[in-house]
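Enquirer: Let me begin by handing over the structure; questions about it come next.
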Amino acid sequence: MPQTMPDALLPLVVGLPFAAAIVAGFLSTHARGAAALLAGAVAVVDVVLIWVAYPTVAGGGVLLFELEWMPALGLNFVLRMDGFAWLFAGLVAAIGALIVLYARYYMSPEDPVPRFFSFLLAFMGSMTGMVLSGNLIQLAFFWELTSLFSFLLIGYWYHTAQARDGARMALTVTAAGGLCLFAGVLVLGHIVGSYELDRVLASGEHIRAHPLYLTALILILLGALTKSAQFPFHFWLPHAMAAPTPVSAYLHSATLVKAGVFLMARFWPALAGTEAWFWIVGTAGVTTLLIGAYVAIFQHDLKGLLAYSTISHLGLITLLLGLNSEVGLVAAVFHAMNHATFKASLFMAAGIIDHETGTRDIRRLSGLHRFMPFTARLAMVAAAAMAGVPLLNGFLSKEMFFAEALRAPTSHLLIHDLIPVGAVLASAFSVTYSLRFIHGAFFGPDPVDLPRVPREPPSWMRFPVEILVLACIIVGILPAATVGPFLDTAIRSILGEATPQYSLEVWHGLSQPLLMSVVALIGGVALYLALQRHLLKGVEGAPLIRRLDARRIFDRTMVFLSWRLARTLEGVLGTRRLQPQLRLMLCVAALAGLCAVYVRGLGPGNLFPAPPDPALALVWAVGIACAIGAAWKAKFHRLAALILLGVAGLVTCVTFVWFSAPDLALTQLLVEVVTTVLLLLGLRWLPKRFEVGRPPEPRVYTLARHLTDLAIAVIAGVGMAALAFAVMTRTPPELLAQHFLARAYTEGGGTNVVNVILVDFRGFDTLGEITVLGVVALTVFALLRRFRPAADSIELPEQQRDQLAYDAAHPRQTDGETVSDWLLVPSLITRVLFPVIWVIALFLLLRGHDLPGGGFVAGLTAAVALILQYLIGGTRWIEDRLTVQPLRWMGIGLLIATTTGLAAWLFGRPFLTSYFDYLELPLFGTVPLASALFFDIGVFALVIGAATLMLIALAHQSVRGHRVAQASEEGQPTPPPRQAPALAGED
Amino acid sequence: MNPMPASEAMVFSPAVPEIFLACAAMALLMIGVFRRSDESRTLSTLSVATLAIAFVLVVIFGREPARAFEGLFIVDQFAVFMKALVLIGSASAIVLAVRFNANEGLDRFEYPVIVVLATLGMMMMISANDFIALYLGLELQSLSLYVLAAFRRDSVRSTEAGLKYFVLGALSSGLLLYGASLIYGFAGSTGFDALARVLAAGAPESTWIGVVFGLVFVSAGLAFKVSAVPFHMWTPDVYEGAPTPVTAFFAVAPKVAAVALFLRVLTGPFGPLVADWQQVIVVISVGSMLIGAFAAIVQTNIKRLMAYSSIGHVGYAFVGLAAGTEAGVRGVLIYMAIYLFMNLGTFACILCMRQNGRMVEDIEDLAGLSKTHPMVAAAMGTFMFSMAGIPPLAGFFGKVYVFLPAIEAGLVTLAVIGVLTSVVSCFYYLRIVKIMYFDEVVEPFDRPIGREVGAILWATGLVILLFIVYPAPILAPATTAAASLFGG
């Protein structure tokens, strides 16, 4: 294989434009000439580099450049140039060079020109990169880059709203399509098992037979069709005309929109040849061909006309690709080249007209051929090529198209007949709009009040047009001698062995396609004459389908998708309120649990419960009823809910006792009592429910919500119960419990295993835990010290107010007498109970090591005694009579616990090592004496201190609250918040 | 107390970074308390220095995989990678907050200290090798975060955010704990190694249900922490309510840590149950991507938008996890690393949104940013394009790295949904770009934006831009990290 150009030059072809783009980006805003020179030089160098590569690819060789890129993914950066890629790369670079020259004169000095060239170069680089990509991911990558830079180019004049909208629409459509393409190539790579282009192209059979073929096809085609502005995604292209004309000339003739066509042709061996391909690609193509051509006739903007004509021609190419025939592919590639040349020159001509007259509106332009004769002639030739006039390049590819249309490989007769008719019709339309372009702009009377006086452009600005038009003519006359070899190289690189016989002759004899051409030419002229009157009226939009404004549909869709749908979604799914969020979480958790059961099944339980005892069942019924009641009342009556919850807790307690777990029951009981009391105290200070200023909703709704909540609560509860049941009917595995059960007595010297765990086995944890408990108590205290209850909870409770009012109303009563007598008997009993409870607490503490009890429980019991006194006697009463020093209790407790632990060191054992023995006491008999007991005493003291400290913090709210309330009632200025009276434990 | 057998119980060295951080956090707290000054710059500097030292320690002590505390605590390449990310995120959150807190009257020393504590929790989570250790770390982190969310105590929004986060977070922690206890009850251990052994051996049929239930509840609890659908509800409210630097912190470090936890739990002890959790992850992922894409469109507040965006990103990351393969996990790691930098950068931009000394949060307020602050606008644009997954920025590669393994694992539909939702999300990311570049300035933002914010902008922007050229600093460690998780 002759290697005339080292493969390493390929990255240069791609990299050079990017490098130059960065340089151009840093040039000063006014460096117009320098930027153009740079861009031009790069484009020319690219052309030369690509040209140098020709001998290799012409010999059927492939240039390859590989660089390790993302080795973890097995992805390499591969540049691969075969004949087809060479052709497109050449087009991109060559037309790019001409565009740069043209833009040098077109762009106004006021614009930031270096930025323009920077974007243009970057676009050129991405386009070349896309064309030369040797793997799929890289292709999608460069594909997105072209979308991005085309967005920047179209939005170059971002101060106009049209440019902004056009750019955004183009980006939305093409970038979205690009992401679809990305997904598509991922799927394609999955099918093939490799992302290497070579391997993908070689496994066409495998791909088409794969079940994921259709997915991949649709996704990839979405990418290609959006980029090539095919129906129904064609609407972005006309709006992209707000870009500077060089951009339109470049993007919409040779590059951006051809990317889609390129992609379809590139993947032709891998994807084409199926019914799905024919229907999707063919339908899109034929629809676009007709609609584009039809709408183009009625455009008044020169660039708009060209835009729709571009859409139509792209439709033609797409249709050719969709026909599933090799010659169709040849025609498509050939037409893509021809279209690039004549459309670029026409865009540039339109730009010249705009530049020299200040308008592009056909209704205002006329008779320009007298002012710019040379430009007029160039435009006429190019337009004739577009119309398919013989001896020009457009004619040749159109002939091939007609020939292919006649041979459309389909079994459907109707389609078979329709395609040629559609082809002729579209062709006639294209004659009509070409005529309109020329006749409207260059002929007719002299123009009146144009913004500028028309004249010929600078000759260098015309030069690119001249080159391109020359190409149209030469190719048109001598196709086989000029583009023949190039086309052949390109086609061979796609089809390889399957390259068909085709002929690039101008004259094929009097054939059916020629007849169709003639019909189209005559028909087009006739149509133009017939439409003269309508066109002169200057009505906007094409008749019949004016209402079918794709852009409006796009906007509406976008609004629907992005606004209404999203808003509805948010309305349905989103909420800022806490309760629904909690509800959702619970429901999802319950649902997930149900799903798990549904999917896996419960599995057999291997333990069977004894038949339930009626008494226990009764207790349980009470408990369940209370739990349900609590759920029902939770949102509406907190106090009732709390009390019901307390009952449910007690039932749990009873259950523990029933199943012989007295220590657990004891702990449960005390925790239940203490938390209920603390919650009650806390409830006192919650603000009242406040009414939202909403009209009251019908009772039905309230009830419905109520019932829903209840149902959720019941379902969650039943679920948990079921789960617990499931857990308990299965043999547990070897758990830690056995370990502790076995060692509690032999190693810890106690028979109350829970207590032994707490004070011995996990003594270190307990030490940490009681420390935390102390910290928490201090924190609660510190937080509540500054807390002021909500205003509406400061008032005296209703009951006390009533009682005071009763005293005031009855002269025999002294003020406050009823209140002080209230609940006298219970309070007396409670006071009597105080020492009793303390004795119980001590008892629990001492026997804790072997029997239910222990420091924690004992501490809680003692605290309950105190809490009861506070509840029944009131804060002031109790504190006048009893000094509690919670801080000291806590401090001493911690000290004892730690010292016990440290004592072990005295005996040369690790921290907290325990010791136990039996002690003969004269009165009590043998008492077990373990060092753990001292530790337990520490726990006991700390728990008393901590619980009391929290209690005091809460209780003092009432002292403080009432004082403030009284002060304001008496009309005095509210005293500054003071500390509550100095009590033990406070400061 | 019985004498402990001389085993690995007393091996501390793998946990040196955590021990250091714990001591340092307490020391910082004491310094803060006894200085009796509300000025937080000194403490912020010290905190960042602490985190930097911790970073070095993590790298030094993480060379060899090791276990400590009788296997409760594990250090491997995975832990090192995730901890490095978390430390970067936390340090940046402190740096970002310095100026903000001073301006907003939030200049209290507790902020950096709580961030350090939260970081400690996260590092514990990442290194947890046992449900108890996991819960310990998780709660330390969560409690710190609840406080941070309500850090602006005199603002109703902020306190509401904190309270909501607390209530919901407590519920989710409860779920997780319940799940963990079920698993313990059925599998007989809380240690991940032991669980993996038991589950791989195939426990008797009767215990499966408990394990699966446990898995469901643990996943639910963890899903809350990463704010994945359907446990995402709190995210927008909390992101909006919390002070912006706190939101930035929320969006990066805790999320990385929670994802790490998810990865470790699912691939470690529950590795044998991959068929069970794969479905769950697919559902979570699809839901997150959809909600993240659609709900974000209607947002007008940039912080709420970022909240939905972060929900979406978790969805994308989970596409990789759903694959359940080593390549998939590597994808998640890379995705999270890139996500971290993108988000930090974006929040640095959001912190520049200040008009006349007052923070603004409406997307519309960004109008014309390109004219008044071209560099900030360029940075923000870069981050938006990257989040949308448009090449050549890092975000694109993040998506490639998660979608590819998913497709290789046969989850084609999931990957396609992923790509389609990123089309939708393009819409709102690009809207921000459009507003910055195309709309007219209404009221310019204050300047200067501050050195700290500027530095973060530059650093994160460069990472995002240069990933394509030099991905190795993220790729290589992510690869070894993923391998270490799969016992490589």
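Residue numbering restarts at 1 for every chain of the structure tokens, chains are lettered A, B, ... in their displayed order, and ligands are numbered from 1 as they appear.
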Write out, as a tab-separated table, each residue of chain B that has an atom at most 7 Å from chain A, together with the closest pair of atoms and their distance in Å to one decimal, counting only C-alpha atoms, rows going by chain and rising number.

Expert:
residue	atom	partner	partner_atom	distance
B:Met1	CA	A:Thr913	CA	3.9
B:Asn2	CA	A:Thr913	CA	6.2
B:Pro3	CA	A:Pro910	CA	6.8
B:Lys164	CA	A:Leu578	CA	6.4
B:Leu168	CA	A:Leu582	CA	6.5
B:Gly185	CA	A:Pro732	CA	6.5
B:Phe186	CA	A:Pro732	CA	6.2
B:Ala187	CA	A:Pro733	CA	6.6
B:Gly188	CA	A:Leu735	CA	5.3
B:Glu205	CA	A:Gly603	CA	6.2
B:Ser206	CA	A:Gly603	CA	5.2
B:Ile209	CA	A:Leu602	CA	5.8
B:Val212	CA	A:Ala596	CA	6.7
B:Phe213	CA	A:Gly593	CA	6.2
B:Val216	CA	A:Ala592	CA	6.6
B:Phe217	CA	A:Ala589	CA	7.0
B:Ala220	CA	A:Ala589	CA	6.9
B:Phe231	CA	A:Met585	CA	6.4
B:Met233	CA	A:Gln581	CA	6.3
B:Asp237	CA	A:Arg576	CA	6.5
B:Phe294	CA	A:Ala566	CA	5.2
B:Ala295	CA	A:Ala566	CA	5.5
B:Ile297	CA	A:Ser562	CA	5.9
B:Val298	CA	A:Trp563	CA	6.1
B:Ile390	CA	A:Glu144	CA	6.5
B:Pro391	CA	A:Phe141	CA	5.8
B:Leu404	CA	A:Leu186	CA	6.8
B:Ile407	CA	A:His190	CA	6.5
B:Glu408	CA	A:His190	CA	6.2
B:Val412	CA	A:Val187	CA	6.8
B:Val416	CA	A:Ala183	CA	5.7
B:Val419	CA	A:Ala183	CA	6.0
B:Leu420	CA	A:Cys180	CA	6.8
B:Val423	CA	A:Ala176	CA	5.1
B:Phe438	CA	A:Tyr158	CA	6.2

Enquirer: Give me, as a ChimeraX atom specification, all polymer residues having an atom no more than 10 Å from Thr667 of chain A, counting only C-alpha atoms and skipping those fewer than 3 positions away in the same chain.

Expert: /A:653,662-664,670-673,852-854,856-858,860-861

Enquirer: Residues of segment 175-388 of chain B classed as strand (DSSP E or B) by DSSP on the backbone are to be reported as a PDB file with N, CA, C and O atoms, in the first residue's frame.

Expert:
ATOM      1  N   GLY B 191     -21.567  -7.788  60.816  1.00  0.00           N
ATOM      2  CA  GLY B 191     -20.331  -7.524  60.081  1.00  0.00           C
ATOM      3  C   GLY B 191     -20.503  -7.814  58.597  1.00  0.00           C
ATOM      4  O   GLY B 191     -21.135  -8.802  58.225  1.00  0.00           O
ATOM      5  N   ASN B 301     -36.105  29.052  41.325  1.00  0.00           N
ATOM      6  CA  ASN B 301     -35.048  29.303  42.296  1.00  0.00           C
ATOM      7  C   ASN B 301     -33.857  28.410  41.951  1.00  0.00           C
ATOM      8  O   ASN B 301     -34.014  27.205  41.777  1.00  0.00           O
ATOM      9  N   ARG B 354     -25.104  38.174  44.124  1.00  0.00           N
ATOM     10  CA  ARG B 354     -25.329  39.101  45.229  1.00  0.00           C
ATOM     11  C   ARG B 354     -25.569  40.480  44.630  1.00  0.00           C
ATOM     12  O   ARG B 354     -24.756  40.969  43.862  1.00  0.00           O
ATOM     13  N   GLN B 355     -26.714  41.037  44.936  1.00  0.00           N
ATOM     14  CA  GLN B 355     -27.010  42.373  44.432  1.00  0.00           C
ATOM     15  C   GLN B 355     -27.119  43.329  45.606  1.00  0.00           C
ATOM     16  O   GLN B 355     -27.884  43.096  46.539  1.00  0.00           O
ATOM     17  N   ARG B 358     -26.940  41.816  48.959  1.00  0.00           N
ATOM     18  CA  ARG B 358     -28.011  40.912  49.364  1.00  0.00           C
ATOM     19  C   ARG B 358     -27.961  39.723  48.423  1.00  0.00           C
ATOM     20  O   ARG B 358     -27.772  39.884  47.219  1.00  0.00           O
ATOM     21  N   MET B 359     -28.129  38.530  48.982  1.00  0.00           N
ATOM     22  CA  MET B 359     -28.097  37.351  48.123  1.00  0.00           C
ATOM     23  C   MET B 359     -29.389  37.262  47.322  1.00  0.00           C
ATOM     24  O   MET B 359     -30.464  37.535  47.846  1.00  0.00           O
ATOM     25  N   ASP B 362     -32.927  33.865  42.356  1.00  0.00           N
ATOM     26  CA  ASP B 362     -33.769  33.558  41.204  1.00  0.00           C
ATOM     27  C   ASP B 362     -32.909  33.334  39.972  1.00  0.00           C
ATOM     28  O   ASP B 362     -31.909  34.016  39.779  1.00  0.00           O
TER      29      ASP B 362
END

Enquirer: Would you kindly return, as a PyMOL selection string, each protein, DNA or RNA residue with an atom no farther than 9 Å from any atom of Val463 of chain B, considering only C-alpha atoms and excluding same-chain residues fewer than 6 positions away?

Expert: chain B and resi 338+341-342+394

Enquirer: Could you please write out, as an NGL selection string, every residue of segment 195-276 of chain B that DSSP assigns to alpha helix (DSSP H)?

Expert: :B and (195-201 or 205-225 or 234-241 or 244-267 or 274-276)
